[in-house]
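The structure appears right after this line, and notes come after that.
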Amino acid sequence: MRKPIIAGNWKMNKNAAECRELVKELLPKVKDAKCDVVICVPFTDIALAAELTKGSNVKVGAQNIAWADSGAFTGEISAAMLKEAGAEYVIIGHSERRAYFGETDKSVNARLVQAIKCGFKPIVCVGETLDEREGGKTETVCKTQVVGAFDGIDAGAAKDVVIAYEPVWAIGTGKTATDEQANETIGYIRSVVEELYGKTVADAIRIQYGGSMNAKNAAGLMAQPEIDGGLIGGASLKAEDFSIVVAAAK
Ligand code: PEP
């Protein structure tokens with residue numbers, strides 16, 4: 001049995017005061033969660049979020065990690081810095097990073113290798129654009145991204161990576177993949193993991209859905225057998241909405 005994981009992606013939202021308010025409201029609402037609960041906050045909120053969630057069932061994540069240990073990488077943040085601030089998880093290869101900041105399968109792989117080496121719990125995002133889905137390329141795109149991300153990573157490490165299947169056309173658009181679409185593509189991604197690492201890893205690895213998942217549609221998505229949780233953007237910014245999504249993950 002795979003334990004579901006619900007992760008909030010706050011993106012570039014919430015200053016320190018807003019972080020404090022949201023975390024304080026969230027903690028009592030999710031304290032009995034049956035799933036893993038993570039909030040991936042802006043870098044500047046990590047230390048505060050880690051302090052506020054200490055001793056609770058809510059874990060803190062970052063939204064990116066540099067592939068190098070240190071050095072001349074302006075604008076990047078190192079594993080050691082994230083660890084010192086209190087991050088346990090890290091999102092890698094989000095489609096917004098791929099679309100706006102030139103992230104490639106190669107850089108996603110380099111960041112994933114570094115995250116694993118430094119003991120983080122990575123959440124690696126893959127997913128097709130609308131053109132790619134309409135062009136019948138969903139499986140090819142997802143396969144290329146998964147194979148690229150996991151290049152050189154052994155089975156022991158791979159099984160603990162979380163994959164987030166996030167169709168780009170569903171992110172922040174209010175358009176959710178249907179329960180069946182999400183389940184089918186996640187099932188396909190699991191088959192790619194099986195090709196790479198065999199059945200034991202494929203059965204163990206957790207694959208989330210992400211893309212306009214919210215308080216209304218979470219129960220339907222979570223009822224699908226292949227879906228092991230969600231990566232939640234907009235709906236993670238309100239404690240009430242996020243806690244309903246968390247409650248749907250049993
Ligand atoms: C995301 O940022 O990963 C995401 C899924 O966003 P939203 O839930 O807002 O579509």
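Letters A, B, ... go to the chains of the structure tokens in the order shown; residues in each chain start at 1; ligands are counted from 1 in the same order.
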Residues of chain A that approach ligand 1 to 7 Å or less, counting only C-alpha atoms and all ligand atoms: could you list each one with the shortest pair of atoms and its distance in Å to one decimal, rows by chain and increasing residue number, as JSON lines?
```
{"residue": "A:Asn9", "atom": "CA", "partner": "ligand 1", "partner_atom_place_in_ligand_line": "2 (O)", "distance": 5.4}
{"residue": "A:Lys11", "atom": "CA", "partner": "ligand 1", "partner_atom_place_in_ligand_line": "2 (O)", "distance": 6.6}
{"residue": "A:His94", "atom": "CA", "partner": "ligand 1", "partner_atom_place_in_ligand_line": "3 (O)", "distance": 6.8}
{"residue": "A:Glu166", "atom": "CA", "partner": "ligand 1", "partner_atom_place_in_ligand_line": "5 (C)", "distance": 6.4}
{"residue": "A:Ala170", "atom": "CA", "partner": "ligand 1", "partner_atom_place_in_ligand_line": "10 (O)", "distance": 5.9}
{"residue": "A:Ile171", "atom": "CA", "partner": "ligand 1", "partner_atom_place_in_ligand_line": "10 (O)", "distance": 3.3}
{"residue": "A:Gly172", "atom": "CA", "partner": "ligand 1", "partner_atom_place_in_ligand_line": "10 (O)", "distance": 3.6}
{"residue": "A:Thr173", "atom": "CA", "partner": "ligand 1", "partner_atom_place_in_ligand_line": "10 (O)", "distance": 6.2}
{"residue": "A:Gly174", "atom": "CA", "partner": "ligand 1", "partner_atom_place_in_ligand_line": "10 (O)", "distance": 6.7}
{"residue": "A:Gly210", "atom": "CA", "partner": "ligand 1", "partner_atom_place_in_ligand_line": "5 (C)", "distance": 4.1}
{"residue": "A:Gly211", "atom": "CA", "partner": "ligand 1", "partner_atom_place_in_ligand_line": "5 (C)", "distance": 3.7}
{"residue": "A:Ser212", "atom": "CA", "partner": "ligand 1", "partner_atom_place_in_ligand_line": "10 (O)", "distance": 3.5}
{"residue": "A:Met213", "atom": "CA", "partner": "ligand 1", "partner_atom_place_in_ligand_line": "8 (O)", "distance": 5.3}
{"residue": "A:Leu231", "atom": "CA", "partner": "ligand 1", "partner_atom_place_in_ligand_line": "3 (O)", "distance": 5.2}
{"residue": "A:Ile232", "atom": "CA", "partner": "ligand 1", "partner_atom_place_in_ligand_line": "8 (O)", "distance": 4.2}
{"residue": "A:Gly233", "atom": "CA", "partner": "ligand 1", "partner_atom_place_in_ligand_line": "6 (O)", "distance": 3.3}
{"residue": "A:Gly234", "atom": "CA", "partner": "ligand 1", "partner_atom_place_in_ligand_line": "9 (O)", "distance": 3.8}
{"residue": "A:Ala235", "atom": "CA", "partner": "ligand 1", "partner_atom_place_in_ligand_line": "8 (O)", "distance": 6.1}
```
**Request:** Could you give me, as a list in words, each residue of range 31-191 of chain A that DSSP assigns to strand (DSSP E or B) when run on this structure's backbone?
**Result:**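 The strand (DSSP E or B) subset of range 31-191 of chain A is Asp36, Val37, Val38, Ile39, Cys40, Val58, Lys59, Val60, Gly61, Ala62, Tyr89, Val90, Ile91, Ile92, Lys121, Pro122, Ile123, Val124, Cys125, Val126, Val162, Ile163, Ala164 and Tyr165 of chain A.
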Go ahead and dump the residues you just picked, N, CA, C and O atoms, as an mmCIF file, in the first residue's frame.
```
data_model
loop_
_atom_site.group_PDB
_atom_site.id
_atom_site.type_symbol
_atom_site.label_atom_id
_atom_site.label_comp_id
_atom_site.auth_asym_id
_atom_site.auth_seq_id
_atom_site.Cartn_x
_atom_site.Cartn_y
_atom_site.Cartn_z
ATOM 1 N N ASP A 36 0.679 11.871 3.960
ATOM 2 C CA ASP A 36 1.776 12.807 4.213
ATOM 3 C C ASP A 36 1.329 14.192 3.750
ATOM 4 O O ASP A 36 0.705 14.323 2.688
ATOM 5 N N VAL A 37 1.644 15.201 4.551
ATOM 6 C CA VAL A 37 1.244 16.574 4.216
ATOM 7 C C VAL A 37 2.507 17.446 4.125
ATOM 8 O O VAL A 37 3.319 17.464 5.052
ATOM 9 N N VAL A 38 2.644 18.146 3.016
ATOM 10 C CA VAL A 38 3.839 18.963 2.777
ATOM 11 C C VAL A 38 3.397 20.334 2.278
ATOM 12 O O VAL A 38 2.423 20.440 1.536
ATOM 13 N N ILE A 39 4.125 21.367 2.716
ATOM 14 C CA ILE A 39 3.914 22.688 2.108
ATOM 15 C C ILE A 39 5.240 23.147 1.501
ATOM 16 O O ILE A 39 6.257 23.200 2.183
ATOM 17 N N CYS A 40 5.216 23.401 0.192
ATOM 18 C CA CYS A 40 6.421 23.864 -0.509
ATOM 19 C C CYS A 40 6.288 25.371 -0.667
ATOM 20 O O CYS A 40 5.491 25.869 -1.462
ATOM 21 N N VAL A 58 3.021 18.257 9.528
ATOM 22 C CA VAL A 58 3.204 18.993 8.275
ATOM 23 C C VAL A 58 4.698 19.206 8.028
ATOM 24 O O VAL A 58 5.406 19.704 8.900
ATOM 25 N N LYS A 59 5.154 18.807 6.856
ATOM 26 C CA LYS A 59 6.568 18.933 6.503
ATOM 27 C C LYS A 59 6.741 20.080 5.508
ATOM 28 O O LYS A 59 5.810 20.435 4.781
ATOM 29 N N VAL A 60 7.967 20.585 5.470
ATOM 30 C CA VAL A 60 8.218 21.773 4.646
ATOM 31 C C VAL A 60 9.106 21.414 3.448
ATOM 32 O O VAL A 60 10.047 20.637 3.580
ATOM 33 N N GLY A 61 8.758 21.988 2.316
ATOM 34 C CA GLY A 61 9.552 21.770 1.111
ATOM 35 C C GLY A 61 9.909 23.077 0.433
ATOM 36 O O GLY A 61 9.305 24.124 0.699
ATOM 37 N N ALA A 62 10.913 22.986 -0.462
ATOM 38 C CA ALA A 62 11.293 24.129 -1.299
ATOM 39 C C ALA A 62 10.730 23.890 -2.702
ATOM 40 O O ALA A 62 10.148 22.843 -2.984
ATOM 41 N N TYR A 89 11.570 18.411 1.767
ATOM 42 C CA TYR A 89 11.136 18.057 0.413
ATOM 43 C C TYR A 89 11.612 19.131 -0.568
ATOM 44 O O TYR A 89 11.930 20.255 -0.156
ATOM 45 N N VAL A 90 11.615 18.784 -1.847
ATOM 46 C CA VAL A 90 11.878 19.822 -2.856
ATOM 47 C C VAL A 90 11.164 19.462 -4.165
ATOM 48 O O VAL A 90 11.213 18.315 -4.608
ATOM 49 N N ILE A 91 10.474 20.454 -4.702
ATOM 50 C CA ILE A 91 9.853 20.285 -6.028
ATOM 51 C C ILE A 91 10.943 20.513 -7.076
ATOM 52 O O ILE A 91 11.708 21.476 -6.994
ATOM 53 N N ILE A 92 10.986 19.630 -8.062
ATOM 54 C CA ILE A 92 11.976 19.767 -9.142
ATOM 55 C C ILE A 92 11.263 19.659 -10.492
ATOM 56 O O ILE A 92 10.409 18.783 -10.685
ATOM 57 N N LYS A 121 13.691 14.750 -0.024
ATOM 58 C CA LYS A 121 12.616 13.952 -0.606
ATOM 59 C C LYS A 121 12.105 14.736 -1.811
ATOM 60 O O LYS A 121 11.391 15.734 -1.643
ATOM 61 N N PRO A 122 12.494 14.331 -3.007
ATOM 62 C CA PRO A 122 12.146 15.131 -4.182
ATOM 63 C C PRO A 122 10.749 14.826 -4.726
ATOM 64 O O PRO A 122 10.279 13.693 -4.652
ATOM 65 N N ILE A 123 10.136 15.855 -5.273
ATOM 66 C CA ILE A 123 8.865 15.725 -6.007
ATOM 67 C C ILE A 123 9.167 16.200 -7.429
ATOM 68 O O ILE A 123 9.429 17.388 -7.642
ATOM 69 N N VAL A 124 9.207 15.271 -8.365
ATOM 70 C CA VAL A 124 9.603 15.605 -9.736
ATOM 71 C C VAL A 124 8.366 15.729 -10.621
ATOM 72 O O VAL A 124 7.544 14.812 -10.687
ATOM 73 N N CYS A 125 8.241 16.871 -11.289
ATOM 74 C CA CYS A 125 7.039 17.138 -12.087
ATOM 75 C C CYS A 125 7.242 16.789 -13.557
ATOM 76 O O CYS A 125 8.278 17.122 -14.134
ATOM 77 N N VAL A 126 6.239 16.145 -14.112
ATOM 78 C CA VAL A 126 6.214 15.865 -15.549
ATOM 79 C C VAL A 126 4.801 16.142 -16.053
ATOM 80 O O VAL A 126 3.850 16.171 -15.277
ATOM 81 N N VAL A 162 9.002 11.119 -5.360
ATOM 82 C CA VAL A 162 7.581 11.291 -5.707
ATOM 83 C C VAL A 162 7.531 11.908 -7.098
ATOM 84 O O VAL A 162 8.278 12.847 -7.387
ATOM 85 N N ILE A 163 6.686 11.353 -7.959
ATOM 86 C CA ILE A 163 6.476 11.965 -9.281
ATOM 87 C C ILE A 163 5.137 12.699 -9.231
ATOM 88 O O ILE A 163 4.151 12.167 -8.706
ATOM 89 N N ALA A 164 5.113 13.923 -9.747
ATOM 90 C CA ALA A 164 3.841 14.639 -9.874
ATOM 91 C C ALA A 164 3.493 14.715 -11.356
ATOM 92 O O ALA A 164 4.235 15.335 -12.127
ATOM 93 N N TYR A 165 2.408 14.048 -11.723
ATOM 94 C CA TYR A 165 1.926 14.186 -13.106
ATOM 95 C C TYR A 165 1.046 15.424 -13.165
ATOM 96 O O TYR A 165 -0.018 15.471 -12.561
#
```
**Nearest-residue call for Ala99 in chain A, choices A:Asn217, A:Gln224, A:Thr129, A:Thr53, using only C-alpha atoms** =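 So, comparing all the options, the nearest one is A:Thr129.
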**Prompt:** In range 196-235 of chain A, what's alpha helix (DSSP H) per DSSP? Answer as a list of chain:residue names?
**Reply:**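 DSSP on the backbone gives alpha helix (DSSP H) at A:Leu196, A:Tyr197, A:Lys199, A:Thr200, A:Val201, A:Ala202, A:Asp203, A:Ala204, A:Ala218, A:Ala219, A:Gly220, A:Leu221, A:Met222.
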**Message:** Applying 8 Å and only C-alpha atoms, which residues near range 205-209 of chain A remain after dropping the ones on its own chain fewer than 3 positions away? List them as JSON, numbers by chain.
**Reply:** {"A": [2, 3, 4, 5, 6, 158, 159, 160, 161, 162, 163, 164, 165, 166, 182, 186, 190, 201, 202, 213, 221, 226, 227, 228, 229, 230, 231]}
Selected residues written out, C-alpha atoms, as an mmCIF file, in the first residue's frame:
```cif
data_model
loop_
_atom_site.group_PDB
_atom_site.id
_atom_site.type_symbol
_atom_site.label_atom_id
_atom_site.label_comp_id
_atom_site.auth_asym_id
_atom_site.auth_seq_id
_atom_site.Cartn_x
_atom_site.Cartn_y
_atom_site.Cartn_z
ATOM 1 C CA ARG A 2 1.310 3.428 -0.973
ATOM 2 C CA LYS A 3 0.699 6.227 1.522
ATOM 3 C CA PRO A 4 -0.813 9.204 -0.290
ATOM 4 C CA ILE A 5 1.007 12.516 -0.218
ATOM 5 C CA ILE A 6 -0.603 15.912 -0.565
ATOM 6 C CA ALA A 158 14.137 6.019 -7.333
ATOM 7 C CA LYS A 159 11.480 4.302 -5.249
ATOM 8 C CA ASP A 160 11.475 7.155 -2.707
ATOM 9 C CA VAL A 161 11.094 9.906 -5.304
ATOM 10 C CA VAL A 162 7.581 11.291 -5.707
ATOM 11 C CA ILE A 163 6.476 11.965 -9.281
ATOM 12 C CA ALA A 164 3.841 14.639 -9.874
ATOM 13 C CA TYR A 165 1.926 14.186 -13.106
ATOM 14 C CA GLU A 166 0.823 17.689 -13.961
ATOM 15 C CA ALA A 182 -5.392 11.420 -14.698
ATOM 16 C CA ILE A 186 -0.431 8.040 -14.107
ATOM 17 C CA ARG A 190 3.995 3.787 -13.569
ATOM 18 C CA VAL A 201 9.818 0.018 -7.609
ATOM 19 C CA ALA A 202 6.796 0.736 -9.837
ATOM 20 C CA MET A 213 -7.020 19.939 -7.918
ATOM 21 C CA LEU A 221 -9.283 12.031 -8.160
ATOM 22 C CA GLU A 226 -3.198 4.916 -9.581
ATOM 23 C CA ILE A 227 -3.363 8.378 -7.976
ATOM 24 C CA ASP A 228 -1.288 8.627 -4.801
ATOM 25 C CA GLY A 229 -1.984 12.211 -3.847
ATOM 26 C CA GLY A 230 -1.811 15.679 -5.264
ATOM 27 C CA LEU A 231 0.430 18.646 -5.897
#
```
